[in-house]
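Colleague: What follows is the file my_file38.txt, containing compact mmCIF, C-alpha atoms and all ligand atoms:
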# COMPACT_ATOMS: atom_id res chain seq x y z
CA MET A 1 10.91 -22.19 5.33
CA LYS A 2 13.40 -20.46 3.00
CA VAL A 3 11.91 -17.10 2.04
CA GLY A 4 12.90 -14.76 -0.79
CA PHE A 5 11.82 -11.13 -1.18
CA VAL A 6 11.29 -9.09 -4.36
CA GLY A 7 10.86 -5.27 -4.31
CA LEU A 8 12.84 -3.38 -1.68
CA GLY A 9 10.86 -0.12 -1.91
CA ALA A 10 9.32 2.01 0.83
CA MET A 11 7.24 -0.95 2.03
CA GLY A 12 9.22 -3.95 0.84
CA GLY A 13 12.55 -2.72 2.22
CA SER A 14 11.20 -2.69 5.78
CA MET A 15 9.25 -5.92 5.33
CA ALA A 16 12.37 -7.70 4.08
CA ARG A 17 14.37 -6.25 6.98
CA ASN A 18 11.87 -7.73 9.46
CA LEU A 19 12.14 -11.15 7.79
CA ALA A 20 15.94 -10.88 7.93
CA SER A 21 15.85 -9.91 11.63
CA ALA A 22 13.69 -12.96 12.32
CA GLY A 23 16.32 -15.13 10.57
CA SER A 24 13.77 -16.02 7.87
CA LEU A 25 15.23 -14.43 4.74
CA THR A 26 17.22 -16.53 2.29
CA GLY A 27 17.60 -14.13 -0.62
CA ILE A 28 16.48 -10.83 -2.14
CA TYR A 29 15.95 -9.33 -5.58
CA ASN A 30 15.44 -5.71 -6.58
CA ARG A 31 15.09 -4.41 -10.14
CA THR A 32 17.53 -1.59 -9.39
CA THR A 33 20.50 -3.71 -8.39
CA ALA A 34 22.22 -0.99 -6.33
CA THR A 35 19.33 -1.16 -3.82
CA ALA A 36 19.69 -4.93 -3.54
CA ARG A 37 23.46 -4.68 -3.14
CA GLN A 38 23.09 -2.15 -0.33
CA PHE A 39 20.48 -4.30 1.46
CA ALA A 40 22.76 -7.34 1.10
CA ALA A 41 25.71 -5.43 2.53
CA GLU A 42 23.67 -4.28 5.53
CA SER A 43 21.84 -7.55 6.25
CA GLY A 44 24.19 -10.27 5.02
CA VAL A 45 21.30 -11.72 2.96
CA PRO A 46 22.46 -12.61 -0.58
CA ALA A 47 21.16 -10.54 -3.50
CA PHE A 48 20.05 -12.50 -6.58
CA THR A 49 20.28 -10.95 -10.03
CA ASP A 50 17.52 -13.01 -11.62
CA LEU A 51 14.08 -13.92 -10.36
CA ALA A 52 14.08 -17.59 -11.40
CA SER A 53 17.28 -18.29 -9.41
CA LEU A 54 15.74 -16.67 -6.34
CA ALA A 55 12.58 -18.79 -6.73
CA GLY A 56 14.74 -21.89 -7.18
CA ALA A 57 16.57 -21.23 -3.90
CA CYS A 58 13.42 -20.57 -1.81
CA ASP A 59 10.25 -22.30 -0.57
CA ALA A 60 8.31 -19.04 -0.65
CA VAL A 61 8.83 -15.74 -2.44
CA VAL A 62 7.17 -12.55 -1.16
CA LEU A 63 6.83 -9.64 -3.55
CA CYS A 64 5.90 -6.02 -2.97
CA VAL A 65 6.16 -4.12 -6.27
CA SER A 66 4.30 -1.17 -7.72
CA ALA A 67 1.39 -2.01 -10.01
CA ASP A 68 -0.52 -4.69 -11.94
CA ALA A 69 1.90 -5.08 -14.87
CA ASP A 70 4.83 -5.29 -12.43
CA VAL A 71 3.25 -8.16 -10.46
CA LEU A 72 2.61 -10.11 -13.65
CA ALA A 73 6.16 -9.45 -14.92
CA VAL A 74 7.65 -10.64 -11.62
CA ALA A 75 5.37 -13.72 -11.57
CA ASP A 76 6.55 -14.57 -15.09
CA GLY A 77 10.17 -14.06 -14.04
CA LEU A 78 9.82 -16.30 -10.98
CA SER A 79 8.05 -19.12 -12.80
CA GLY A 80 11.24 -20.74 -14.16
CA GLY A 81 12.37 -21.51 -10.59
CA LEU A 82 9.01 -22.53 -9.12
CA SER A 83 7.73 -26.05 -8.53
CA SER A 84 5.01 -27.90 -6.66
CA GLY A 85 4.82 -27.02 -2.96
CA LYS A 86 6.36 -23.57 -3.36
CA LEU A 87 4.49 -20.37 -2.51
CA VAL A 88 4.29 -16.95 -4.14
CA VAL A 89 2.92 -14.28 -1.79
CA ASP A 90 2.10 -10.95 -3.40
CA CYS A 91 1.86 -8.01 -0.98
CA SER A 92 1.49 -5.33 -3.71
CA THR A 93 -1.82 -3.52 -4.20
CA VAL A 94 -3.28 -4.51 -7.57
CA SER A 95 -6.68 -5.50 -8.93
CA ALA A 96 -8.41 -8.73 -7.90
CA GLU A 97 -8.35 -9.72 -11.58
CA THR A 98 -4.55 -9.32 -11.71
CA ALA A 99 -4.27 -11.62 -8.67
CA ARG A 100 -6.37 -14.23 -10.46
CA GLU A 101 -4.28 -13.80 -13.64
CA ALA A 102 -1.02 -14.26 -11.67
CA ALA A 103 -2.45 -17.43 -10.09
CA ARG A 104 -3.46 -18.73 -13.55
CA ARG A 105 0.03 -18.04 -14.95
CA LEU A 106 1.74 -19.82 -12.04
CA ALA A 107 -0.64 -22.81 -11.92
CA PRO A 108 1.40 -24.90 -14.44
CA THR A 109 4.45 -24.67 -12.11
CA GLY A 110 2.48 -26.28 -9.23
CA ALA A 111 3.29 -23.33 -6.93
CA ALA A 112 0.45 -21.75 -4.96
CA PHE A 113 -0.31 -18.04 -5.25
CA LEU A 114 -1.69 -15.88 -2.43
CA ASP A 115 -2.72 -12.24 -2.82
CA CYS A 116 -1.78 -10.61 0.49
CA PRO A 117 -2.02 -6.81 0.19
CA VAL A 118 -1.19 -4.86 3.31
CA SER A 119 -2.37 -1.77 5.16
CA GLY A 120 -0.65 0.29 7.83
CA GLY A 121 1.72 2.48 5.85
CA THR A 122 5.48 2.60 6.00
CA GLU A 123 5.26 2.76 9.80
CA GLY A 124 3.36 -0.54 9.87
CA ALA A 125 5.90 -2.09 7.52
CA ARG A 126 8.78 -0.87 9.69
CA ASP A 127 7.18 -2.01 12.96
CA GLY A 128 5.85 -5.34 11.63
CA THR A 129 2.30 -4.31 12.56
CA LEU A 130 0.65 -4.37 9.13
CA ALA A 131 -2.90 -5.53 8.59
CA ILE A 132 -2.66 -8.30 5.97
CA MET A 133 -5.67 -9.39 3.94
CA ALA A 134 -5.13 -12.69 2.16
CA GLY A 135 -6.86 -14.43 -0.73
CA GLY A 136 -6.09 -17.98 -1.81
CA ASP A 137 -6.19 -21.63 -0.94
CA GLU A 138 -6.63 -22.19 2.81
CA ALA A 139 -3.81 -24.76 3.14
CA ALA A 140 -1.40 -22.45 1.29
CA PHE A 141 -2.45 -19.60 3.57
CA GLU A 142 -1.73 -21.70 6.67
CA ARG A 143 1.74 -22.51 5.28
CA ALA A 144 2.37 -18.81 4.70
CA ARG A 145 0.96 -17.72 8.06
CA PRO A 146 4.26 -17.88 10.05
CA LEU A 147 6.01 -15.55 7.62
CA LEU A 148 2.98 -13.25 7.33
CA GLU A 149 2.93 -12.98 11.14
CA ILE A 150 6.49 -11.61 11.02
CA LEU A 151 5.29 -8.87 8.67
CA GLY A 152 2.00 -8.01 10.31
CA ARG A 153 -0.02 -8.18 13.47
CA HIS A 154 -3.47 -8.69 11.96
CA VAL A 155 -3.42 -11.49 9.38
CA HIS A 156 -6.73 -12.70 7.92
CA ARG A 157 -7.80 -14.82 4.96
CA LEU A 158 -10.90 -13.42 3.27
CA GLY A 159 -11.56 -16.06 0.58
CA PRO A 160 -10.12 -17.41 -2.68
CA VAL A 161 -7.45 -15.67 -4.81
CA GLY A 162 -8.59 -12.06 -5.41
CA ALA A 163 -10.41 -11.70 -2.07
CA GLY A 164 -7.38 -10.04 -0.46
CA GLN A 165 -7.21 -7.42 -3.21
CA ALA A 166 -10.98 -6.83 -3.08
CA THR A 167 -10.62 -6.19 0.67
CA LYS A 168 -7.70 -3.85 0.04
CA ALA A 169 -9.80 -1.91 -2.51
CA THR A 170 -12.45 -1.56 0.20
CA ASN A 171 -9.76 -0.18 2.52
CA GLN A 172 -8.53 2.31 -0.09
CA ILE A 173 -12.01 3.76 -0.50
CA MET A 174 -12.15 4.24 3.27
CA VAL A 175 -8.69 5.88 3.28
CA ALA A 176 -9.87 8.30 0.56
CA GLY A 177 -12.91 9.26 2.62
CA ILE A 178 -10.90 9.65 5.82
CA ASN A 179 -8.28 11.78 4.03
CA GLN A 180 -11.09 13.96 2.63
CA ALA A 181 -12.67 14.37 6.06
CA VAL A 182 -9.48 15.01 8.05
CA SER A 183 -7.90 17.42 5.54
CA GLU A 184 -11.11 19.40 5.02
CA ALA A 185 -11.93 19.61 8.72
CA LEU A 186 -8.41 20.70 9.71
CA ALA A 187 -8.39 23.41 7.01
CA PHE A 188 -11.71 24.55 8.48
CA ALA A 189 -10.21 24.52 12.00
CA ALA A 190 -7.28 26.64 10.77
CA ALA A 191 -9.71 29.16 9.30
CA GLN A 192 -11.42 29.38 12.70
CA GLY A 193 -8.08 30.41 14.23
CA LEU A 194 -7.97 27.34 16.49
CA PRO A 195 -4.74 26.01 18.06
CA LEU A 196 -4.34 23.12 15.64
CA PRO A 197 -2.02 20.75 17.56
CA ARG A 198 -4.37 20.99 20.55
CA VAL A 199 -7.41 20.43 18.32
CA ILE A 200 -5.80 17.22 17.00
CA GLU A 201 -4.82 16.05 20.49
CA THR A 202 -8.41 16.61 21.69
CA LEU A 203 -10.27 15.14 18.72
CA ARG A 204 -8.07 12.09 18.27
CA ASN A 205 -9.53 10.80 21.53
CA GLY A 206 -13.16 11.36 20.54
CA ALA A 207 -15.67 9.99 18.06
CA ALA A 208 -13.61 11.20 15.05
CA ALA A 209 -10.52 9.29 16.23
CA SER A 210 -8.59 7.69 13.40
CA TRP A 211 -5.10 6.47 12.51
CA PHE A 212 -5.03 9.15 9.83
CA LEU A 213 -5.87 12.03 12.17
CA THR A 214 -3.25 10.87 14.69
CA HIS A 215 -0.42 10.15 12.23
CA ARG A 216 -1.06 12.57 9.37
CA GLY A 217 -3.00 15.44 10.99
CA PRO A 218 0.10 16.96 12.68
CA ASN A 219 1.99 16.92 9.36
CA MET A 220 -0.92 18.54 7.53
CA VAL A 221 -1.17 21.48 9.90
CA ALA A 222 2.63 21.90 9.81
CA GLY A 223 2.47 22.06 5.97
CA ARG A 224 4.78 18.99 5.63
CA TYR A 225 3.85 15.86 3.70
CA PRO A 226 6.61 13.26 4.21
CA LEU A 227 5.96 9.73 2.91
CA GLY A 228 3.89 7.85 3.82
CA PHE A 229 1.89 6.83 0.93
CA LYS A 230 2.36 8.58 -2.40
CA VAL A 231 -0.53 10.41 -4.07
CA GLU A 232 0.27 8.61 -7.33
CA LEU A 233 0.01 5.18 -5.64
CA HIS A 234 -3.36 6.01 -4.07
CA CYS A 235 -4.48 7.25 -7.50
CA LYS A 236 -3.54 3.83 -8.92
CA ASP A 237 -5.54 2.13 -6.15
CA LEU A 238 -8.59 4.34 -6.67
CA GLU A 239 -8.48 3.62 -10.41
CA ILE A 240 -8.66 -0.07 -9.42
CA CYS A 241 -11.67 0.69 -7.16
CA ARG A 242 -13.31 2.69 -9.97
CA ALA A 243 -12.88 -0.21 -12.42
CA MET A 244 -14.19 -2.76 -9.90
CA ALA A 245 -17.27 -0.61 -9.11
CA ALA A 246 -17.85 -0.13 -12.86
CA HIS A 247 -18.39 -3.90 -13.08
CA ASN A 248 -21.49 -3.25 -10.93
CA ASN A 249 -22.36 -0.25 -13.10
CA VAL A 250 -21.69 2.12 -10.19
CA GLN A 251 -19.66 5.33 -9.82
CA LEU A 252 -18.61 5.93 -6.23
CA PRO A 253 -18.72 9.61 -5.12
CA ILE A 254 -15.73 9.44 -2.74
CA VAL A 255 -13.61 7.65 -5.36
CA GLU A 256 -14.53 10.15 -8.10
CA MET A 257 -14.03 13.24 -5.93
CA THR A 258 -10.69 12.03 -4.58
CA LEU A 259 -9.38 11.09 -8.03
CA HIS A 260 -10.40 14.55 -9.24
CA HIS A 261 -8.47 16.15 -6.37
CA TYR A 262 -5.43 13.89 -6.79
CA GLN A 263 -5.29 14.74 -10.52
CA ARG A 264 -4.90 18.36 -9.47
CA LEU A 265 -2.11 17.46 -7.04
CA LEU A 266 -0.39 15.46 -9.80
CA ALA A 267 -0.73 18.41 -12.21
CA GLU A 268 0.85 20.64 -9.54
CA THR A 269 3.74 18.08 -9.29
CA HIS A 270 2.82 16.85 -5.81
CA GLY A 271 2.35 13.22 -6.93
CA ASP A 272 5.41 12.07 -4.95
CA GLU A 273 4.10 13.58 -1.72
CA ASP A 274 2.11 11.77 0.94
CA ILE A 275 -1.65 11.71 0.33
CA SER A 276 -2.06 14.08 3.29
CA SER A 277 -1.01 16.83 0.84
CA LEU A 278 -4.72 16.92 -0.05
CA TYR A 279 -4.63 19.51 2.76
CA ARG A 280 -3.01 21.88 0.22
CA LEU A 281 -6.24 21.97 -1.80
CA LYS A 282 -8.48 22.24 1.26
CA SER A 283 -6.58 25.16 2.79
CA ALA A 284 -6.45 26.85 -0.64
CA LEU A 285 -10.27 26.83 -0.58
CA PHE A 286 -10.22 29.05 2.48
CA GLU A 287 -7.52 31.31 1.04
CA ALA A 288 -9.54 31.77 -2.15
CA GLY A 289 -12.93 31.95 -0.41
CA ASP A 290 -14.03 29.41 -3.00
CA ARG A 291 -17.54 28.11 -2.36
CA ARG A 292 -17.73 25.56 -5.15
CA ASP A 293 -15.11 22.74 -4.88
P1 LIG B 301 7.96 1.93 -4.00
O1 LIG B 301 8.69 2.52 -2.86
O2 LIG B 301 7.80 2.72 -5.24
O3 LIG B 301 8.71 0.52 -4.34
C1 LIG B 301 8.33 -0.26 -5.44
C2 LIG B 301 9.27 -1.45 -5.53
O4 LIG B 301 8.82 -2.30 -6.61
C3 LIG B 301 10.72 -1.07 -5.86
O5 LIG B 301 11.59 -1.95 -5.20
C4 LIG B 301 10.76 -1.28 -7.37
O6 LIG B 301 12.05 -1.54 -7.85
C5 LIG B 301 9.90 -2.51 -7.50
N1 LIG B 301 9.35 -2.69 -8.86
C6 LIG B 301 8.45 -1.91 -9.49
N2 LIG B 301 8.17 -2.39 -10.71
C7 LIG B 301 8.90 -3.52 -10.84
C8 LIG B 301 9.06 -4.48 -11.88
N3 LIG B 301 8.39 -4.36 -13.04
N4 LIG B 301 9.90 -5.50 -11.68
C9 LIG B 301 10.59 -5.62 -10.53
N5 LIG B 301 10.50 -4.76 -9.51
C10 LIG B 301 9.67 -3.71 -9.66
O7 LIG B 301 6.48 1.48 -3.59
P2 LIG B 301 5.94 1.08 -2.13
O8 LIG B 301 5.44 2.31 -1.45
O9 LIG B 301 6.91 0.21 -1.44
O10 LIG B 301 4.63 0.25 -2.57
C11 LIG B 301 4.74 -1.07 -3.06
C12 LIG B 301 3.33 -1.66 -3.15
O11 LIG B 301 2.74 -1.66 -1.83
C13 LIG B 301 2.39 -0.87 -4.06
O12 LIG B 301 1.54 -1.74 -4.76
C14 LIG B 301 1.62 0.00 -3.07
O13 LIG B 301 0.36 0.39 -3.59
C15 LIG B 301 1.52 -0.93 -1.88
N6 LIG B 301 1.35 -0.25 -0.58
C16 LIG B 301 2.08 0.88 -0.26
C17 LIG B 301 1.89 1.47 0.98
C18 LIG B 301 2.67 2.70 1.38
O14 LIG B 301 2.30 3.33 2.41
N7 LIG B 301 3.73 3.08 0.69
C19 LIG B 301 0.97 0.94 1.90
C20 LIG B 301 0.29 -0.22 1.57
C21 LIG B 301 0.48 -0.81 0.33
P3 LIG B 301 13.06 -0.30 -8.19
O15 LIG B 301 13.85 -0.08 -6.93
O16 LIG B 301 13.90 -0.82 -9.30
O17 LIG B 301 12.22 0.87 -8.60
Translate the structure of the given file into structure tokens.
Modeller:
Amino acid sequence: MKVGFVGLGAMGGSMARNLASAGSLTGIYNRTTATARQFAAESGVPAFTDLASLAGACDAVVLCVSADADVLAVADGLSGGLSSGKLVVDCSTVSAETAREAARRLAPTGAAFLDCPVSGGTEGARDGTLAIMAGGDEAAFERARPLLEILGRHVHRLGPVGAGQATKATNQIMVAGINQAVSEALAFAAAQGLPLPRVIETLRNGAAASWFLTHRGPNMVAGRYPLGFKVELHCKDLEICRAMAAHNNVQLPIVEMTLHHYQRLLAETHGDEDISSLYRLKSALFEAGDRRD
């Protein structure tokens, strides 16, 4: 299968590199052409300067771009080069409704659309160990499976188009809650005068064990927040969760509280930091002796 890749960002750059290492990458496209040129120079994979030409040269195109409007713009751009039997695999995090809209827009070309958002952070993208949650036609998913298994270790189809994004939204609510719990508890531990690296080493093997505690806890207590996953991207995801819950006439407390906190981080110009910078607000509580928030 000839595979193309669109969006060589923090996630997509590593995902495309893994496809190239597996000998499965035919072409790349990046909106900022300098990034594409550099990737092409390093990997030997040709850079395309328009999306339709990339789609025309490939059997499947994987994209990993920022937000809903970007996915739809890329889908529109690809459509001129798509035809029956081709696949478009979107690994961005967007709403389930955007996935369905992209599938509707591509339907006249005959190409199949799969929403395949990922979880596992930049480390998972680099190591090819992402969890991938797919939505779409089962036969199309089985055709995409070999390439998805290069990108991730846990690849599952959850239902029709949109089901992958709905699962990802579920994941993002959990990440918000885990970030709240880990950052608040470690700020508390600091206030108790505990030896924080040893606390993390001890607790990460107990009932509170989590990927987040293991991988982000040490950065939090060192006051460093390297990416990771940007606050502004998690904000985007939680806005998606908020809108999806609103369809059920529900406001979710973890989503609302975390959006409130992230708005403060954005206002303090920390939007480009990893979401573990929530620790800033939690440790500030102890500095201020603030009992309310
Ligand atoms: P990023 O580093 O900001 O990269 C975004 C990529 O999308 C860039 O290559 C950008 O091109 C491209 N792009 C954006 N808008 C575009 C458009 N309208 N047309 C064409 N290309 C466009 O973001 P990221 O961290 O890789 O995240 C990408 C997606 O994966 C997001 O939906 C995010 O929520 C999701 N995700 C991220 C993580 C994480 O830990 N970072 C984990 C799981 C899922 P330029 O180079 O021109 O800007």
Colleague: Quote the spacing between atom CA of Lys230 of chain A and atom O5 of ligand LIG 301 (chain B) in Å to one decimal place.
Modeller: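 The value is 14.3 Å.
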Colleague: Name each residue within 6 Å of ligand LIG 301 (chain B), counting only C-alpha atoms and all ligand atoms, as a PyMOL selection string.
Modeller: chain A and resi 7-12+30-32+64-67+70+73-74+92-93+118-119+121-122+228-229+233
Colleague: Given the choices A:Asp90, A:Glu97, A:Glu42, A:Asp127, which gets closest to Leu114 of chain A if the distance is worked out from all atoms listed in the file?
Modeller: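 When distances to Leu114 of chain A are compared using all atoms listed in the file, the smallest one comes from A:Asp90.
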Colleague: Given the choices A:Ser95, A:Ser14, A:Gln263, A:Ser79, which gets closest to Ile275 of chain A if the distance is worked out from all atoms listed in the file?
Modeller: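 Closest to Ile275 of chain A of all the choices is A:Gln263.
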Colleague: Calculate how many Å separate atom CA of Gly120 of chain A from atom CA of Gly23 of chain A, rounding to one decimal.
Modeller: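 Interatomic distance here is 23.1 Å.
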Colleague: Could you tell me how far atom CA of Met244 of chain A sits from atom CA of Gly124 of chain A, in Å to one decimal place?
Modeller: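 About the pair atom CA of Gly124 of chain A and atom CA of Met244 of chain A: they are 26.5 Å apart.
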Colleague: Which residues are near Ala187 of chain A? Cut-off 10 Å, all atoms listed in the file, ignore same chain within fewer than 4 positions. Put them as a PyMOL selection string.
Modeller: chain A and resi 182-183+191-192+196+220-221+279-287
Colleague: Rank A:Ala169, A:Leu51, A:Ala41, A:Leu147 by their smallest atom-to-atom distance to Asp237 of chain A, using only C-alpha atoms, and report the top residue only.
Modeller: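 The shortest atom-to-atom distance to Asp237 of chain A comes from A:Ala169.
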Colleague: Go through A:Ala107, A:Leu87, A:Leu63, A:Ala245 and flag the residue nearest Arg145 of chain A, using only C-alpha atoms for the distances.
Modeller: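 Closest to Arg145 of chain A of all the choices is A:Leu87.
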Colleague: Give me the residues within 9 Å of Glu149 of chain A as a ChimeraX atom specification, counting all atoms listed in the file and dropping any in the same chain fewer than 6 places off.
Modeller: /A:128-129,132,155
Colleague: May I ask which of the residues A:Ala163, A:Ala52, A:Ala190, A:Ala181 is the closest one to Ala96 of chain A, counting all atoms listed in the file?
Modeller: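 Of all the options, A:Ala163 lies closest to Ala96 of chain A.
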Colleague: Taking the point (-2.6, -8.1, 8.9) as given in the file, collect each protein or nucleic acid residue that comes within 7 Å of it, counting only C-alpha atoms, and present the set as an mmCIF file with C-alpha atoms, in the frame of the given file.
Modeller:
data_model
loop_
_atom_site.group_PDB
_atom_site.id
_atom_site.type_symbol
_atom_site.label_atom_id
_atom_site.label_comp_id
_atom_site.auth_asym_id
_atom_site.auth_seq_id
_atom_site.Cartn_x
_atom_site.Cartn_y
_atom_site.Cartn_z
ATOM 1 C CA VAL A 118 -1.190 -4.860 3.310
ATOM 2 C CA LEU A 130 0.650 -4.370 9.130
ATOM 3 C CA ALA A 131 -2.900 -5.530 8.590
ATOM 4 C CA ILE A 132 -2.660 -8.300 5.970
ATOM 5 C CA MET A 133 -5.670 -9.390 3.940
ATOM 6 C CA GLY A 152 2.000 -8.010 10.310
ATOM 7 C CA ARG A 153 -0.020 -8.180 13.470
ATOM 8 C CA HIS A 154 -3.470 -8.690 11.960
ATOM 9 C CA VAL A 155 -3.420 -11.490 9.380
ATOM 10 C CA HIS A 156 -6.730 -12.700 7.920
#
Colleague: Show me, as a ChimeraX atom specification, the residues that have an atom within 10 Å of Thr33 of chain A when counting only C-alpha atoms, minus same-chain residues fewer than 3 positions from it.
Modeller: /A:29-30,36-39,47-49
Colleague: Considering all atoms listed in the file, return as number ranges by chain whatever protein or nucleic-acid residues lie within 10 Å of Asn205 of chain A, sequence-local ones (same chain, fewer than 5 positions apart) excluded.
Modeller: A: 200, 210, 214
Colleague: Considering only C-alpha atoms, can you say which of A:Thr167, A:Ser53, A:Asn248, A:Thr98 comes closest to Leu78 of chain A?
Modeller: A:Ser53
Colleague: Box time for segment 183-197 of chain A: axis-aligned, enclosing all its listed atoms, 4 Å extra on each side; report centre and edge lengths in Å to one decimal, as JSON.
Modeller:
{"center_x": -7.0, "center_y": 23.9, "center_z": 11.5, "size_x": 17.9, "size_y": 21.0, "size_z": 21.0}
Colleague: Would you mind listing what lies within 9 Å of Phe113 of chain A as a count of residues only, with all atoms listed in the file counted and same-chain residues fewer than 2 positions away left out?
Modeller: 19
Colleague: Step by step: start from the point (14.0, -7.8, 6.6) in the file's coordinates, keep every protein, DNA or RNA residue that has an atom no farther than 10 Å from it, count all atoms listed in the file, and write the set as a PDB file with C-alpha atoms, in the frame of the given file.
Modeller:
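Contents of point.pdb, freshly written:
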ATOM      1  CA  PHE A   5      11.820 -11.130  -1.180  1.00  0.00           C
ATOM      2  CA  LEU A   8      12.840  -3.380  -1.680  1.00  0.00           C
ATOM      3  CA  GLY A  12       9.220  -3.950   0.840  1.00  0.00           C
ATOM      4  CA  GLY A  13      12.550  -2.720   2.220  1.00  0.00           C
ATOM      5  CA  SER A  14      11.200  -2.690   5.780  1.00  0.00           C
ATOM      6  CA  MET A  15       9.250  -5.920   5.330  1.00  0.00           C
ATOM      7  CA  ALA A  16      12.370  -7.700   4.080  1.00  0.00           C
ATOM      8  CA  ARG A  17      14.370  -6.250   6.980  1.00  0.00           C
ATOM      9  CA  ASN A  18      11.870  -7.730   9.460  1.00  0.00           C
ATOM     10  CA  LEU A  19      12.140 -11.150   7.790  1.00  0.00           C
ATOM     11  CA  ALA A  20      15.940 -10.880   7.930  1.00  0.00           C
ATOM     12  CA  SER A  21      15.850  -9.910  11.630  1.00  0.00           C
ATOM     13  CA  ALA A  22      13.690 -12.960  12.320  1.00  0.00           C
ATOM     14  CA  GLY A  23      16.320 -15.130  10.570  1.00  0.00           C
ATOM     15  CA  SER A  24      13.770 -16.020   7.870  1.00  0.00           C
ATOM     16  CA  LEU A  25      15.230 -14.430   4.740  1.00  0.00           C
ATOM     17  CA  ILE A  28      16.480 -10.830  -2.140  1.00  0.00           C
ATOM     18  CA  PHE A  39      20.480  -4.300   1.460  1.00  0.00           C
ATOM     19  CA  SER A  43      21.840  -7.550   6.250  1.00  0.00           C
ATOM     20  CA  VAL A  45      21.300 -11.720   2.960  1.00  0.00           C
ATOM     21  CA  ALA A 125       5.900  -2.090   7.520  1.00  0.00           C
ATOM     22  CA  ARG A 126       8.780  -0.870   9.690  1.00  0.00           C
ATOM     23  CA  GLY A 128       5.850  -5.340  11.630  1.00  0.00           C
ATOM     24  CA  ILE A 150       6.490 -11.610  11.020  1.00  0.00           C
ATOM     25  CA  LEU A 151       5.290  -8.870   8.670  1.00  0.00           C
TER      26      LEU A 151
END
Colleague: Please complete segment 180-191 of chain A with N, CA, C and O atoms and give it back as a PDB file, in the frame of the given file.
Modeller:
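New file part22.pdb:
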ATOM      1  N   GLN A 180     -10.206  12.830   2.952  1.00  0.00           N
ATOM      2  CA  GLN A 180     -11.090  13.960   2.630  1.00  0.00           C
ATOM      3  C   GLN A 180     -11.587  14.627   3.908  1.00  0.00           C
ATOM      4  O   GLN A 180     -11.554  15.857   4.051  1.00  0.00           O
ATOM      5  N   ALA A 181     -12.056  13.815   4.848  1.00  0.00           N
ATOM      6  CA  ALA A 181     -12.670  14.370   6.060  1.00  0.00           C
ATOM      7  C   ALA A 181     -11.640  15.076   6.931  1.00  0.00           C
ATOM      8  O   ALA A 181     -11.877  16.198   7.399  1.00  0.00           O
ATOM      9  N   VAL A 182     -10.479  14.431   7.141  1.00  0.00           N
ATOM     10  CA  VAL A 182      -9.480  15.010   8.050  1.00  0.00           C
ATOM     11  C   VAL A 182      -8.892  16.290   7.444  1.00  0.00           C
ATOM     12  O   VAL A 182      -8.776  17.320   8.119  1.00  0.00           O
ATOM     13  N   SER A 183      -8.539  16.251   6.146  1.00  0.00           N
ATOM     14  CA  SER A 183      -7.900  17.420   5.540  1.00  0.00           C
ATOM     15  C   SER A 183      -8.885  18.598   5.480  1.00  0.00           C
ATOM     16  O   SER A 183      -8.521  19.741   5.797  1.00  0.00           O
ATOM     17  N   GLU A 184     -10.127  18.319   5.126  1.00  0.00           N
ATOM     18  CA  GLU A 184     -11.110  19.400   5.020  1.00  0.00           C
ATOM     19  C   GLU A 184     -11.416  20.001   6.389  1.00  0.00           C
ATOM     20  O   GLU A 184     -11.481  21.220   6.561  1.00  0.00           O
ATOM     21  N   ALA A 185     -11.585  19.127   7.382  1.00  0.00           N
ATOM     22  CA  ALA A 185     -11.930  19.610   8.720  1.00  0.00           C
ATOM     23  C   ALA A 185     -10.784  20.402   9.339  1.00  0.00           C
ATOM     24  O   ALA A 185     -11.014  21.424   9.998  1.00  0.00           O
ATOM     25  N   LEU A 186      -9.539  19.959   9.114  1.00  0.00           N
ATOM     26  CA  LEU A 186      -8.410  20.700   9.710  1.00  0.00           C
ATOM     27  C   LEU A 186      -8.204  22.046   9.009  1.00  0.00           C
ATOM     28  O   LEU A 186      -7.833  23.032   9.658  1.00  0.00           O
ATOM     29  N   ALA A 187      -8.460  22.105   7.703  1.00  0.00           N
ATOM     30  CA  ALA A 187      -8.390  23.410   7.010  1.00  0.00           C
ATOM     31  C   ALA A 187      -9.464  24.342   7.575  1.00  0.00           C
ATOM     32  O   ALA A 187      -9.234  25.544   7.775  1.00  0.00           O
ATOM     33  N   PHE A 188     -10.631  23.780   7.859  1.00  0.00           N
ATOM     34  CA  PHE A 188     -11.710  24.550   8.480  1.00  0.00           C
ATOM     35  C   PHE A 188     -11.267  25.051   9.862  1.00  0.00           C
ATOM     36  O   PHE A 188     -11.448  26.221  10.202  1.00  0.00           O
ATOM     37  N   ALA A 189     -10.668  24.147  10.657  1.00  0.00           N
ATOM     38  CA  ALA A 189     -10.210  24.520  12.000  1.00  0.00           C
ATOM     39  C   ALA A 189      -9.192  25.650  11.933  1.00  0.00           C
ATOM     40  O   ALA A 189      -9.221  26.585  12.748  1.00  0.00           O
ATOM     41  N   ALA A 190      -8.288  25.569  10.929  1.00  0.00           N
ATOM     42  CA  ALA A 190      -7.280  26.640  10.770  1.00  0.00           C
ATOM     43  C   ALA A 190      -7.962  27.972  10.491  1.00  0.00           C
ATOM     44  O   ALA A 190      -7.590  29.008  11.050  1.00  0.00           O
ATOM     45  N   ALA A 191      -9.001  27.928   9.646  1.00  0.00           N
ATOM     46  CA  ALA A 191      -9.710  29.160   9.300  1.00  0.00           C
ATOM     47  C   ALA A 191     -10.463  29.740  10.501  1.00  0.00           C
ATOM     48  O   ALA A 191     -10.763  30.940  10.527  1.00  0.00           O
TER      49      ALA A 191
END
